[in-house]
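Read the structure below first, then the notes.
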Amino acid sequence: MGIVEELKEKALTTGDISREEALLLAEAPLEELAAAAEEIRRKKCGQGFDLCTIVNGKCGRCPEDCKYCAQSAHYQAKCTEAYGLLPTEKLLEGARRAKAGGALRYSIVTSGRRLSDREVEQVCESIRAIRQDTGIQVCVSFGLLEEGQFRKIKEAGASRVHCNLESSAGFFPKICTTHTYQDKIDTLKAARRAGLSVCSGGILGLGETMEDRIDMVLTARELGVKSIPVNLLNPIPGTPLEHRKPLTGQEARRCVALFRFLIPDASIRLAGGRGLLDDKGEQCFQSGANASISGDMLTTAGITVERDSEMVRNLGFEVRLCNE
């Protein structure tokens with residue numbers, strides 16, 4: 001029995017692939033690895049495909065120095081027009097469009113280190129209105145909030161908190177110095193204590209190694225994360241990473257397949273940068289991925305919910321909520 005087959009059986013039984021084993025898988029033939037990841041996905045997750053969309057609920061003027069981000073005030077990127085927290089009417093309008101297009105989740109994402117208490121109260125009103133009007137699942141990405149703030153958000157009707165780890169603990173200081181990796185972990189733990197599910201992954205192509213990517217997902221596994229966004233760096237002019245070469249489709253497939261081995265029952269969610277791939281991620285959805293963020297990203301264009309819905313159904317998936 002080869003290493004891929006052996007570790008596939010381990011993923012399907014104990015689900016505790018080690019760091020050392022993952023590094024061995026990283027060197028395996030891609031097609032063999034992808035086929036095994038697909039088998040794990042089918043047996044652990046079935047044909048469910050979790051489809052969400054995001055809205056840029058507060059844009060630009062961010063004091064954090066994340067080197068990939070067009071919204072950081074530290075750089076000269078040509079971001080979309082900066083604005084404060086959107087009013088309920090605008091957020092509700094976006095939620096209605098998302099649901100009409102076939103999205104199952106609607107995630108409100110805001111720039112900045114964290115929302116203020118006043119802003120949390122305002123957005124809680126929006127969440128209540130969205131839930132009452134559309135019934136769509138509401139996810140939030142509001143920065144480094146505390147448990148009490150998360151409890152208010154849950155009471156308003158949100159179900160999930162997104163806070164990306166971005167990379168490994170060792171690599172993170174090379175892409176951000178204004179907050180720490182531990183801040184991210186503390187935020188995810190606070191959200192869990194408040195009764196919310198959590199969504200956390202990262203960006204591939206920042207300059208990290210395969211070891212960093214594996215370490216990131218192992219940290220997510222330790223935190224009980226079952227929704228793993230996989231973003232591919234879209235180098236934005238004016239940011240420190242503007243000249244980095246984007247990942248190839250083969251590199252993306254290998255990472256997706258590895259992540260499936262590491263968290264066999266997770267929603268491996270293709271997110272930002274997927275539009276840079278020639279096939280818009282279709283081969284990744286045949287290599288272990290089973291979820292996506294569709295529609296436009298925060299400051300870049302994405303792939304429409306309607307187009308994604310058609311593609312995943314043609315691949316044999318059933319669009320439905322997963323990992324609730």
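Chain lettering (A, B, ...) mirrors the order of the structure tokens, residue numbering begins at 1 for each chain separately, and ligand numbering begins at 1 in order of display.
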* Report as a PyMOL selection string: the residues of segment 76-253 of chain A with a DSSP assignment of strand (DSSP E), based on the backbone of this structure. => chain A and resi 105-110+137-141+160-162+197-199+202-204+227-232
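Near segment 272-280 of chain A, within 6 Å and counting only C-alpha atoms, sit Asn231, Leu232, Leu233, Asn234 and Gly249 of chain A; same-chain residues fewer than 6 positions away were not included.
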Dump of C-alpha atoms for the selected residues, as a PDB file, in the first residue's frame:
ATOM      1  CA  ASN A 231      -7.789  32.405  -0.806  1.00  0.00           C
ATOM      2  CA  LEU A 232      -5.227  32.714  -3.592  1.00  0.00           C
ATOM      3  CA  LEU A 233      -3.247  35.938  -3.464  1.00  0.00           C
ATOM      4  CA  ASN A 234      -4.448  38.446  -6.035  1.00  0.00           C
ATOM      5  CA  GLY A 249      -3.960  25.795 -10.724  1.00  0.00           C
TER       6      GLY A 249
END
* Can you tell me, as a ChimeraX atom specification, what residues are no more than 7 Å from segment 146-160 of chain A when counting only C-alpha atoms, ignoring any on the same chain fewer than 6 positions away? -> /A:124,127-128,131,137-140,187,190-191,193-194,196-198
Among segment 94-227 of chain A, which residues does DSSP mark as alpha helix (DSSP H) when it is run on the backbone? Keep the chain and numbering as in the structure and answer as a short mmCIF file (atom, residue, chain, number, x, y, z; two decimals) with all heavy atoms, in the first residue's frame.
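Heads up, here's the output in selection_6.cif:
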data_model
loop_
_atom_site.label_atom_id
_atom_site.label_comp_id
_atom_site.auth_asym_id
_atom_site.auth_seq_id
_atom_site.Cartn_x
_atom_site.Cartn_y
_atom_site.Cartn_z
N GLY A 94 -28.44 43.81 -0.35
CA GLY A 94 -27.45 42.81 -0.76
C GLY A 94 -27.86 41.41 -0.38
O GLY A 94 -27.64 40.45 -1.13
N ALA A 95 -28.45 41.25 0.79
CA ALA A 95 -28.90 39.93 1.24
C ALA A 95 -30.01 39.39 0.34
O ALA A 95 -30.03 38.20 0.02
CB ALA A 95 -29.39 40.02 2.68
N ARG A 96 -30.90 40.25 -0.08
CA ARG A 96 -31.96 39.82 -0.98
C ARG A 96 -31.40 39.35 -2.32
O ARG A 96 -31.83 38.32 -2.86
CB ARG A 96 -32.95 40.97 -1.21
CG ARG A 96 -33.84 41.28 -0.01
CD ARG A 96 -34.58 42.58 -0.22
NE ARG A 96 -35.51 42.86 0.88
CZ ARG A 96 -36.00 44.07 1.14
NH1 ARG A 96 -35.64 45.11 0.37
NH2 ARG A 96 -36.84 44.25 2.14
N ARG A 97 -30.39 40.07 -2.83
CA ARG A 97 -29.76 39.67 -4.10
C ARG A 97 -29.05 38.33 -3.93
O ARG A 97 -29.11 37.47 -4.80
CB ARG A 97 -28.77 40.73 -4.57
CG ARG A 97 -29.40 41.97 -5.18
CD ARG A 97 -28.37 42.75 -5.99
NE ARG A 97 -27.20 43.10 -5.19
CZ ARG A 97 -27.10 44.22 -4.48
NH1 ARG A 97 -28.09 45.10 -4.48
NH2 ARG A 97 -26.00 44.48 -3.79
N ALA A 98 -28.36 38.18 -2.81
CA ALA A 98 -27.62 36.94 -2.57
C ALA A 98 -28.56 35.75 -2.52
O ALA A 98 -28.30 34.71 -3.14
CB ALA A 98 -26.83 37.05 -1.26
N LYS A 99 -29.65 35.88 -1.81
CA LYS A 99 -30.60 34.77 -1.71
C LYS A 99 -31.24 34.48 -3.06
O LYS A 99 -31.39 33.30 -3.44
CB LYS A 99 -31.67 35.07 -0.67
CG LYS A 99 -32.62 33.90 -0.49
CD LYS A 99 -33.59 34.10 0.65
CE LYS A 99 -34.46 32.87 0.81
NZ LYS A 99 -35.43 33.01 1.92
N ALA A 100 -31.60 35.53 -3.79
CA ALA A 100 -32.23 35.33 -5.10
C ALA A 100 -31.29 34.61 -6.05
O ALA A 100 -31.72 33.83 -6.91
CB ALA A 100 -32.65 36.67 -5.68
N GLY A 101 -29.97 34.84 -5.89
CA GLY A 101 -29.00 34.19 -6.76
C GLY A 101 -28.69 32.76 -6.39
O GLY A 101 -28.04 32.04 -7.14
N ASP A 117 -18.38 49.39 19.87
CA ASP A 117 -19.64 48.95 20.48
C ASP A 117 -20.84 49.58 19.78
O ASP A 117 -21.87 48.92 19.56
CB ASP A 117 -19.67 49.30 21.96
CG ASP A 117 -18.75 48.42 22.80
OD1 ASP A 117 -18.41 47.31 22.34
OD2 ASP A 117 -18.36 48.83 23.91
N ARG A 118 -20.71 50.85 19.41
CA ARG A 118 -21.81 51.52 18.71
C ARG A 118 -22.06 50.87 17.35
O ARG A 118 -23.21 50.65 16.96
CB ARG A 118 -21.49 53.01 18.52
CG ARG A 118 -22.58 53.79 17.78
CD ARG A 118 -22.14 55.21 17.47
NE ARG A 118 -20.94 55.23 16.65
CZ ARG A 118 -20.95 55.02 15.32
NH1 ARG A 118 -22.10 54.75 14.70
NH2 ARG A 118 -19.84 55.07 14.63
N GLU A 119 -21.00 50.55 16.65
CA GLU A 119 -21.15 49.91 15.35
C GLU A 119 -21.73 48.50 15.49
O GLU A 119 -22.53 48.07 14.65
CB GLU A 119 -19.80 49.86 14.64
CG GLU A 119 -19.32 51.21 14.14
CD GLU A 119 -17.90 51.15 13.60
OE1 GLU A 119 -17.05 50.45 14.21
OE2 GLU A 119 -17.63 51.83 12.58
N VAL A 120 -21.35 47.80 16.55
CA VAL A 120 -21.92 46.48 16.79
C VAL A 120 -23.43 46.58 16.99
O VAL A 120 -24.21 45.78 16.44
CB VAL A 120 -21.25 45.79 18.00
CG1 VAL A 120 -22.03 44.55 18.42
CG2 VAL A 120 -19.81 45.42 17.67
N GLU A 121 -23.86 47.56 17.76
CA GLU A 121 -25.31 47.75 17.97
C GLU A 121 -26.00 48.04 16.65
O GLU A 121 -27.08 47.51 16.37
CB GLU A 121 -25.54 48.91 18.95
CG GLU A 121 -25.08 48.65 20.37
CD GLU A 121 -25.88 47.56 21.07
OE1 GLU A 121 -26.99 47.23 20.61
OE2 GLU A 121 -25.39 47.04 22.10
N GLN A 122 -25.38 48.88 15.82
CA GLN A 122 -25.99 49.22 14.53
C GLN A 122 -26.11 47.99 13.63
O GLN A 122 -27.17 47.76 13.02
CB GLN A 122 -25.14 50.29 13.82
CG GLN A 122 -25.68 50.66 12.43
CD GLN A 122 -24.79 51.66 11.71
OE1 GLN A 122 -24.09 52.46 12.35
NE2 GLN A 122 -24.79 51.63 10.39
N VAL A 123 -25.03 47.20 13.56
CA VAL A 123 -25.07 46.06 12.65
C VAL A 123 -25.96 44.95 13.19
O VAL A 123 -26.51 44.16 12.41
CB VAL A 123 -23.64 45.56 12.35
CG1 VAL A 123 -23.11 44.66 13.45
CG2 VAL A 123 -23.57 44.87 11.00
N CYS A 124 -26.16 44.89 14.50
CA CYS A 124 -27.11 43.93 15.04
C CYS A 124 -28.53 44.22 14.55
O CYS A 124 -29.30 43.29 14.26
CB CYS A 124 -27.06 43.93 16.57
SG CYS A 124 -25.67 43.01 17.27
N GLU A 125 -28.85 45.48 14.44
CA GLU A 125 -30.16 45.85 13.87
C GLU A 125 -30.27 45.35 12.42
O GLU A 125 -31.32 44.85 12.01
CB GLU A 125 -30.34 47.37 13.91
CG GLU A 125 -30.45 47.96 15.32
CD GLU A 125 -30.64 49.47 15.29
OE1 GLU A 125 -30.87 50.03 14.18
OE2 GLU A 125 -30.55 50.09 16.36
N SER A 126 -29.18 45.48 11.68
CA SER A 126 -29.17 45.02 10.29
C SER A 126 -29.33 43.51 10.22
O SER A 126 -30.07 42.99 9.38
CB SER A 126 -27.87 45.44 9.61
OG SER A 126 -27.71 46.84 9.61
N ILE A 127 -28.63 42.79 11.10
CA ILE A 127 -28.72 41.33 11.10
C ILE A 127 -30.15 40.88 11.39
O ILE A 127 -30.68 39.97 10.74
CB ILE A 127 -27.74 40.74 12.14
CG1 ILE A 127 -26.29 40.99 11.69
CG2 ILE A 127 -27.98 39.23 12.31
CD1 ILE A 127 -25.27 40.70 12.77
N ARG A 128 -30.79 41.52 12.36
CA ARG A 128 -32.18 41.16 12.69
C ARG A 128 -33.09 41.39 11.48
O ARG A 128 -33.95 40.55 11.17
CB ARG A 128 -32.66 41.96 13.89
CG ARG A 128 -32.14 41.44 15.23
CD ARG A 128 -32.80 42.13 16.40
NE ARG A 128 -32.26 43.47 16.60
CZ ARG A 128 -31.24 43.76 17.41
NH1 ARG A 128 -30.64 42.80 18.09
NH2 ARG A 128 -30.82 45.00 17.55
N ALA A 129 -32.88 42.50 10.79
CA ALA A 129 -33.72 42.81 9.63
C ALA A 129 -33.49 41.80 8.50
O ALA A 129 -34.43 41.34 7.85
CB ALA A 129 -33.43 44.22 9.14
N ILE A 130 -32.24 41.42 8.28
CA ILE A 130 -31.91 40.46 7.22
C ILE A 130 -32.52 39.10 7.53
O ILE A 130 -33.12 38.46 6.65
CB ILE A 130 -30.37 40.35 7.07
CG1 ILE A 130 -29.80 41.64 6.49
CG2 ILE A 130 -29.99 39.14 6.21
CD1 ILE A 130 -28.29 41.75 6.60
N ARG A 131 -32.39 38.66 8.75
CA ARG A 131 -32.93 37.35 9.12
C ARG A 131 -34.45 37.33 8.99
O ARG A 131 -35.04 36.37 8.49
CB ARG A 131 -32.51 36.99 10.55
CG ARG A 131 -31.04 36.69 10.71
CD ARG A 131 -30.66 35.38 10.07
NE ARG A 131 -31.28 34.26 10.77
CZ ARG A 131 -31.58 33.10 10.22
NH1 ARG A 131 -31.34 32.89 8.94
NH2 ARG A 131 -32.12 32.13 10.93
N GLN A 132 -35.09 38.39 9.43
CA GLN A 132 -36.56 38.45 9.38
C GLN A 132 -37.05 38.53 7.94
O GLN A 132 -38.03 37.87 7.58
CB GLN A 132 -37.06 39.66 10.16
CG GLN A 132 -38.58 39.77 10.19
CD GLN A 132 -39.06 40.92 11.06
OE1 GLN A 132 -38.27 41.64 11.67
NE2 GLN A 132 -40.37 41.10 11.15
N ASP A 133 -36.36 39.27 7.10
CA ASP A 133 -36.82 39.50 5.73
C ASP A 133 -36.48 38.34 4.80
O ASP A 133 -37.31 37.96 3.96
CB ASP A 133 -36.19 40.79 5.20
CG ASP A 133 -36.71 41.18 3.83
OD1 ASP A 133 -36.24 40.59 2.83
OD2 ASP A 133 -37.58 42.06 3.74
N THR A 134 -35.27 37.76 4.91
CA THR A 134 -34.81 36.79 3.93
C THR A 134 -34.63 35.38 4.48
O THR A 134 -34.70 34.41 3.73
CB THR A 134 -33.46 37.21 3.32
OG1 THR A 134 -32.43 37.10 4.33
CG2 THR A 134 -33.51 38.65 2.82
N GLU A 147 -15.90 38.43 23.52
CA GLU A 147 -17.00 37.49 23.70
C GLU A 147 -18.35 38.19 23.88
O GLU A 147 -19.36 37.76 23.30
CB GLU A 147 -16.71 36.58 24.89
CG GLU A 147 -17.78 35.52 25.11
CD GLU A 147 -17.44 34.62 26.28
OE1 GLU A 147 -16.27 34.58 26.72
OE2 GLU A 147 -18.37 33.93 26.76
N GLY A 148 -18.38 39.25 24.68
CA GLY A 148 -19.65 39.94 24.91
C GLY A 148 -20.23 40.52 23.63
O GLY A 148 -21.46 40.47 23.42
N GLN A 149 -19.39 41.04 22.78
CA GLN A 149 -19.86 41.57 21.50
C GLN A 149 -20.37 40.44 20.60
O GLN A 149 -21.40 40.59 19.94
CB GLN A 149 -18.72 42.33 20.81
CG GLN A 149 -18.29 43.59 21.56
CD GLN A 149 -17.01 44.17 20.99
OE1 GLN A 149 -16.00 43.47 20.86
NE2 GLN A 149 -17.04 45.45 20.65
N PHE A 150 -19.67 39.31 20.62
CA PHE A 150 -20.13 38.17 19.84
C PHE A 150 -21.47 37.65 20.34
O PHE A 150 -22.31 37.20 19.55
CB PHE A 150 -19.09 37.05 19.87
CG PHE A 150 -17.91 37.28 18.97
CD1 PHE A 150 -16.62 37.09 19.43
CD2 PHE A 150 -18.09 37.68 17.65
CE1 PHE A 150 -15.52 37.30 18.60
CE2 PHE A 150 -17.00 37.89 16.81
CZ PHE A 150 -15.72 37.70 17.30
N ARG A 151 -21.69 37.71 21.63
CA ARG A 151 -22.98 37.25 22.16
C ARG A 151 -24.13 38.12 21.65
O ARG A 151 -25.21 37.61 21.32
CB ARG A 151 -22.95 37.24 23.69
CG ARG A 151 -22.05 36.15 24.26
CD ARG A 151 -22.22 35.96 25.76
NE ARG A 151 -21.33 34.91 26.24
CZ ARG A 151 -21.58 33.61 26.16
NH1 ARG A 151 -22.72 33.22 25.60
NH2 ARG A 151 -20.72 32.72 26.61
N LYS A 152 -23.91 39.41 21.56
CA LYS A 152 -24.94 40.30 21.02
C LYS A 152 -25.21 39.97 19.55
O LYS A 152 -26.36 39.98 19.10
CB LYS A 152 -24.48 41.76 21.15
CG LYS A 152 -24.45 42.27 22.58
CD LYS A 152 -24.02 43.72 22.64
CE LYS A 152 -24.01 44.23 24.07
NZ LYS A 152 -23.57 45.65 24.15
N ILE A 153 -24.14 39.68 18.83
CA ILE A 153 -24.28 39.35 17.40
C ILE A 153 -25.05 38.05 17.22
O ILE A 153 -25.90 37.93 16.34
CB ILE A 153 -22.88 39.30 16.76
CG1 ILE A 153 -22.30 40.71 16.67
CG2 ILE A 153 -22.92 38.64 15.40
CD1 ILE A 153 -20.81 40.75 16.42
N LYS A 154 -24.77 37.07 18.06
CA LYS A 154 -25.51 35.81 18.00
C LYS A 154 -26.98 36.02 18.34
O LYS A 154 -27.87 35.49 17.67
CB LYS A 154 -24.90 34.77 18.94
CG LYS A 154 -25.67 33.44 18.94
CD LYS A 154 -25.00 32.40 19.79
CE LYS A 154 -25.88 31.16 19.95
NZ LYS A 154 -26.30 30.58 18.65
N GLU A 155 -27.24 36.80 19.37
CA GLU A 155 -28.63 37.07 19.76
C GLU A 155 -29.40 37.78 18.65
O GLU A 155 -30.61 37.60 18.49
CB GLU A 155 -28.66 37.90 21.03
CG GLU A 155 -28.21 37.14 22.28
CD GLU A 155 -27.97 38.04 23.47
OE1 GLU A 155 -28.22 39.28 23.33
OE2 GLU A 155 -27.52 37.55 24.52
N ALA A 156 -28.68 38.56 17.84
CA ALA A 156 -29.32 39.27 16.72
C ALA A 156 -29.67 38.33 15.58
O ALA A 156 -30.49 38.67 14.73
CB ALA A 156 -28.42 40.38 16.22
N TYR A 181 -0.87 36.87 15.86
CA TYR A 181 -1.54 35.59 15.59
C TYR A 181 -2.39 35.18 16.77
O TYR A 181 -3.50 34.65 16.60
CB TYR A 181 -0.47 34.53 15.32
CG TYR A 181 -0.92 33.39 14.45
CD1 TYR A 181 -1.20 33.59 13.10
CD2 TYR A 181 -1.03 32.10 14.96
CE1 TYR A 181 -1.57 32.54 12.28
CE2 TYR A 181 -1.41 31.04 14.14
CZ TYR A 181 -1.68 31.27 12.80
OH TYR A 181 -2.05 30.23 12.00
N GLN A 182 -1.89 35.45 17.98
CA GLN A 182 -2.67 35.11 19.16
C GLN A 182 -3.96 35.91 19.23
O GLN A 182 -4.98 35.41 19.70
CB GLN A 182 -1.85 35.35 20.43
CG GLN A 182 -2.49 34.80 21.70
CD GLN A 182 -2.71 33.30 21.65
OE1 GLN A 182 -1.80 32.55 21.28
NE2 GLN A 182 -3.90 32.84 22.00
N ASP A 183 -3.94 37.16 18.75
CA ASP A 183 -5.17 37.94 18.67
C ASP A 183 -6.21 37.21 17.82
O ASP A 183 -7.41 37.20 18.15
CB ASP A 183 -4.91 39.32 18.05
CG ASP A 183 -4.12 40.25 18.95
OD1 ASP A 183 -4.18 40.08 20.19
OD2 ASP A 183 -3.42 41.13 18.41
N LYS A 184 -5.77 36.63 16.71
CA LYS A 184 -6.68 35.87 15.84
C LYS A 184 -7.26 34.67 16.59
O LYS A 184 -8.48 34.42 16.56
CB LYS A 184 -5.93 35.38 14.61
CG LYS A 184 -5.32 36.45 13.73
CD LYS A 184 -6.32 36.88 12.69
CE LYS A 184 -5.65 37.67 11.58
NZ LYS A 184 -6.62 38.12 10.58
N ILE A 185 -6.39 33.92 17.24
CA ILE A 185 -6.82 32.73 17.97
C ILE A 185 -7.79 33.12 19.09
O ILE A 185 -8.83 32.46 19.28
CB ILE A 185 -5.60 31.99 18.52
CG1 ILE A 185 -4.81 31.36 17.37
CG2 ILE A 185 -6.01 30.92 19.53
CD1 ILE A 185 -3.49 30.77 17.76
N ASP A 186 -7.48 34.18 19.82
CA ASP A 186 -8.36 34.62 20.90
C ASP A 186 -9.74 35.00 20.37
O ASP A 186 -10.76 34.74 21.02
CB ASP A 186 -7.74 35.81 21.63
CG ASP A 186 -6.50 35.43 22.44
OD1 ASP A 186 -6.28 34.23 22.68
OD2 ASP A 186 -5.75 36.36 22.82
N THR A 187 -9.77 35.63 19.20
CA THR A 187 -11.05 36.02 18.59
C THR A 187 -11.88 34.79 18.24
O THR A 187 -13.09 34.74 18.53
CB THR A 187 -10.79 36.86 17.33
OG1 THR A 187 -10.09 38.05 17.69
CG2 THR A 187 -12.09 37.23 16.64
N LEU A 188 -11.26 33.80 17.63
CA LEU A 188 -11.99 32.58 17.27
C LEU A 188 -12.49 31.85 18.51
O LEU A 188 -13.63 31.35 18.54
CB LEU A 188 -11.07 31.66 16.45
CG LEU A 188 -10.75 32.18 15.04
CD1 LEU A 188 -9.57 31.41 14.45
CD2 LEU A 188 -11.97 32.06 14.13
N LYS A 189 -11.70 31.81 19.55
CA LYS A 189 -12.12 31.16 20.80
C LYS A 189 -13.27 31.92 21.44
O LYS A 189 -14.22 31.31 21.98
CB LYS A 189 -10.94 31.04 21.76
CG LYS A 189 -9.91 30.00 21.35
CD LYS A 189 -8.79 29.90 22.37
CE LYS A 189 -7.83 28.78 22.04
NZ LYS A 189 -6.70 28.69 23.02
N ALA A 190 -13.22 33.24 21.40
CA ALA A 190 -14.30 34.05 21.98
C ALA A 190 -15.60 33.81 21.22
O ALA A 190 -16.69 33.72 21.82
CB ALA A 190 -13.92 35.53 21.94
N ALA A 191 -15.52 33.72 19.90
CA ALA A 191 -16.72 33.45 19.09
C ALA A 191 -17.30 32.09 19.43
O ALA A 191 -18.53 31.94 19.55
CB ALA A 191 -16.38 33.54 17.61
N ARG A 192 -16.45 31.09 19.59
CA ARG A 192 -16.92 29.75 19.96
C ARG A 192 -17.61 29.77 21.32
O ARG A 192 -18.67 29.14 21.50
CB ARG A 192 -15.75 28.76 19.96
CG ARG A 192 -15.19 28.40 18.59
CD ARG A 192 -16.13 27.50 17.80
NE ARG A 192 -16.39 26.24 18.48
CZ ARG A 192 -15.66 25.15 18.38
NH1 ARG A 192 -14.57 25.16 17.62
NH2 ARG A 192 -15.98 24.04 19.02
N ARG A 193 -17.02 30.48 22.28
CA ARG A 193 -17.64 30.55 23.63
C ARG A 193 -19.00 31.23 23.58
O ARG A 193 -19.89 30.92 24.38
CB ARG A 193 -16.71 31.30 24.58
CG ARG A 193 -15.44 30.55 24.97
CD ARG A 193 -14.79 31.18 26.18
NE ARG A 193 -14.45 32.57 26.00
CZ ARG A 193 -13.30 33.01 25.49
NH1 ARG A 193 -12.36 32.14 25.12
NH2 ARG A 193 -13.07 34.32 25.35
N MET A 210 5.15 25.41 2.04
CA MET A 210 4.12 24.39 2.22
C MET A 210 3.98 24.05 3.70
O MET A 210 2.87 23.79 4.18
CB MET A 210 4.46 23.15 1.41
CG MET A 210 3.38 22.07 1.47
SD MET A 210 1.77 22.63 0.82
CE MET A 210 2.08 22.45 -0.94
N GLU A 211 5.09 24.08 4.43
CA GLU A 211 5.02 23.84 5.88
C GLU A 211 4.12 24.87 6.56
O GLU A 211 3.33 24.51 7.44
CB GLU A 211 6.42 23.88 6.49
CG GLU A 211 7.29 22.69 6.15
CD GLU A 211 8.11 22.92 4.88
OE1 GLU A 211 7.73 23.79 4.07
OE2 GLU A 211 9.12 22.22 4.71
N ASP A 212 4.22 26.13 6.14
CA ASP A 212 3.36 27.17 6.72
C ASP A 212 1.89 26.89 6.43
O ASP A 212 1.03 27.08 7.30
CB ASP A 212 3.73 28.55 6.14
CG ASP A 212 5.07 29.06 6.61
OD1 ASP A 212 5.35 28.97 7.82
OD2 ASP A 212 5.84 29.56 5.77
N ARG A 213 1.59 26.44 5.24
CA ARG A 213 0.20 26.16 4.87
C ARG A 213 -0.35 25.01 5.71
O ARG A 213 -1.49 25.07 6.20
CB ARG A 213 0.11 25.82 3.38
CG ARG A 213 0.53 26.96 2.48
CD ARG A 213 0.76 26.51 1.04
NE ARG A 213 1.30 27.60 0.22
CZ ARG A 213 1.75 27.45 -1.02
NH1 ARG A 213 1.72 26.24 -1.59
NH2 ARG A 213 2.22 28.48 -1.68
N ILE A 214 0.45 23.99 5.87
CA ILE A 214 0.02 22.85 6.68
C ILE A 214 -0.16 23.27 8.14
O ILE A 214 -1.16 22.91 8.78
CB ILE A 214 1.05 21.71 6.55
CG1 ILE A 214 0.98 21.10 5.14
CG2 ILE A 214 0.82 20.62 7.61
CD1 ILE A 214 2.13 20.17 4.81
N ASP A 215 0.78 24.05 8.66
CA ASP A 215 0.67 24.50 10.05
C ASP A 215 -0.58 25.35 10.27
O ASP A 215 -1.23 25.25 11.32
CB ASP A 215 1.91 25.31 10.44
CG ASP A 215 3.15 24.44 10.62
OD1 ASP A 215 2.99 23.21 10.75
OD2 ASP A 215 4.26 24.99 10.63
N MET A 216 -0.93 26.17 9.29
CA MET A 216 -2.15 26.97 9.41
C MET A 216 -3.38 26.09 9.57
O MET A 216 -4.23 26.32 10.44
CB MET A 216 -2.32 27.86 8.17
CG MET A 216 -3.62 28.64 8.11
SD MET A 216 -3.88 29.46 6.53
CE MET A 216 -4.27 28.07 5.45
N VAL A 217 -3.49 25.06 8.74
CA VAL A 217 -4.67 24.20 8.78
C VAL A 217 -4.65 23.34 10.05
O VAL A 217 -5.71 23.07 10.63
CB VAL A 217 -4.77 23.35 7.51
CG1 VAL A 217 -5.96 22.41 7.57
CG2 VAL A 217 -4.90 24.27 6.29
N LEU A 218 -3.49 22.94 10.50
CA LEU A 218 -3.42 22.20 11.76
C LEU A 218 -3.88 23.06 12.93
O LEU A 218 -4.55 22.58 13.84
CB LEU A 218 -2.00 21.68 11.99
CG LEU A 218 -1.56 20.53 11.08
CD1 LEU A 218 -0.08 20.22 11.31
CD2 LEU A 218 -2.41 19.28 11.31
N THR A 219 -3.54 24.34 12.91
CA THR A 219 -4.03 25.25 13.95
C THR A 219 -5.55 25.37 13.87
O THR A 219 -6.25 25.34 14.91
CB THR A 219 -3.39 26.64 13.80
OG1 THR A 219 -1.98 26.53 13.95
CG2 THR A 219 -3.92 27.60 14.86
N ALA A 220 -6.08 25.50 12.66
CA ALA A 220 -7.53 25.56 12.50
C ALA A 220 -8.18 24.28 13.04
O ALA A 220 -9.23 24.33 13.68
CB ALA A 220 -7.89 25.77 11.03
N ARG A 221 -7.56 23.15 12.76
CA ARG A 221 -8.09 21.88 13.26
C ARG A 221 -8.13 21.86 14.79
O ARG A 221 -9.12 21.44 15.39
CB ARG A 221 -7.25 20.72 12.73
CG ARG A 221 -7.83 19.35 13.03
CD ARG A 221 -7.06 18.26 12.32
NE ARG A 221 -5.79 17.93 12.98
CZ ARG A 221 -4.92 17.02 12.53
NH1 ARG A 221 -5.18 16.36 11.41
NH2 ARG A 221 -3.80 16.78 13.18
N GLU A 222 -7.06 22.34 15.41
CA GLU A 222 -7.01 22.39 16.88
C GLU A 222 -8.11 23.27 17.45
O GLU A 222 -8.61 23.02 18.55
CB GLU A 222 -5.64 22.92 17.33
CG GLU A 222 -4.48 21.98 17.06
CD GLU A 222 -3.14 22.65 17.31
OE1 GLU A 222 -3.13 23.80 17.80
OE2 GLU A 222 -2.10 22.03 17.00
#
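Proximity to Glu318 of chain A was assessed for A:Phe172, A:Pro240, A:Gly207, A:Asn290 counting only C-alpha atoms; the smallest distance is recorded for A:Asn290.
With distances restricted to only C-alpha atoms, A:Val4 is the closest residue to Ala37 of chain A from A:Lys245, A:Val4, A:Ile293, A:Gly316.
Distance check against Ala34 of chain A using only C-alpha atoms: of A:Asn323, A:Thr304, A:Ser72, A:Gln283, the minimum falls on A:Gln283.
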* Return the single residue from A:Ala257, A:Ile40, A:Cys59, A:Ala35 that is closest to Thr13 of chain A, with distances computed using only C-alpha atoms. => A:Ile40
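Interatomic distance, atom CA of Thr14 of chain A against atom CA of Cys52 of chain A: 29.5 Å.
Shell of Val109 of chain A at 9 Å, with only C-alpha atoms counted and residues fewer than 2 places along the chain excluded, is A:Ile54, A:Val55, A:Asn56, A:Gly57, A:Lys58, A:Cys59, A:Ser107, A:Ser111, A:Cys139, A:Val140, A:Ser141, A:Phe142, A:Gly143, A:His162, A:Leu298.
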I need the residues from that last selection saved to file as an mmCIF file, in the first residue's frame (with C-alpha atoms), if you can.
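That gives us result_32.cif:
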data_model
loop_
_atom_site.group_PDB
_atom_site.id
_atom_site.type_symbol
_atom_site.label_atom_id
_atom_site.label_comp_id
_atom_site.auth_asym_id
_atom_site.auth_seq_id
_atom_site.Cartn_x
_atom_site.Cartn_y
_atom_site.Cartn_z
ATOM 1 C CA ILE A 54 -19.866 38.461 1.022
ATOM 2 C CA VAL A 55 -20.579 42.167 1.199
ATOM 3 C CA ASN A 56 -18.030 44.884 1.913
ATOM 4 C CA GLY A 57 -19.930 46.372 4.845
ATOM 5 C CA LYS A 58 -17.295 48.962 5.751
ATOM 6 C CA CYS A 59 -14.478 49.790 3.355
ATOM 7 C CA SER A 107 -21.319 37.401 5.184
ATOM 8 C CA SER A 111 -12.456 46.865 7.470
ATOM 9 C CA CYS A 139 -22.014 35.372 8.883
ATOM 10 C CA VAL A 140 -19.863 38.232 10.163
ATOM 11 C CA SER A 141 -16.237 39.311 9.886
ATOM 12 C CA PHE A 142 -15.925 42.283 12.215
ATOM 13 C CA GLY A 143 -12.338 42.028 13.351
ATOM 14 C CA HIS A 162 -15.112 34.559 10.078
ATOM 15 C CA LEU A 298 -14.027 42.972 -1.027
#
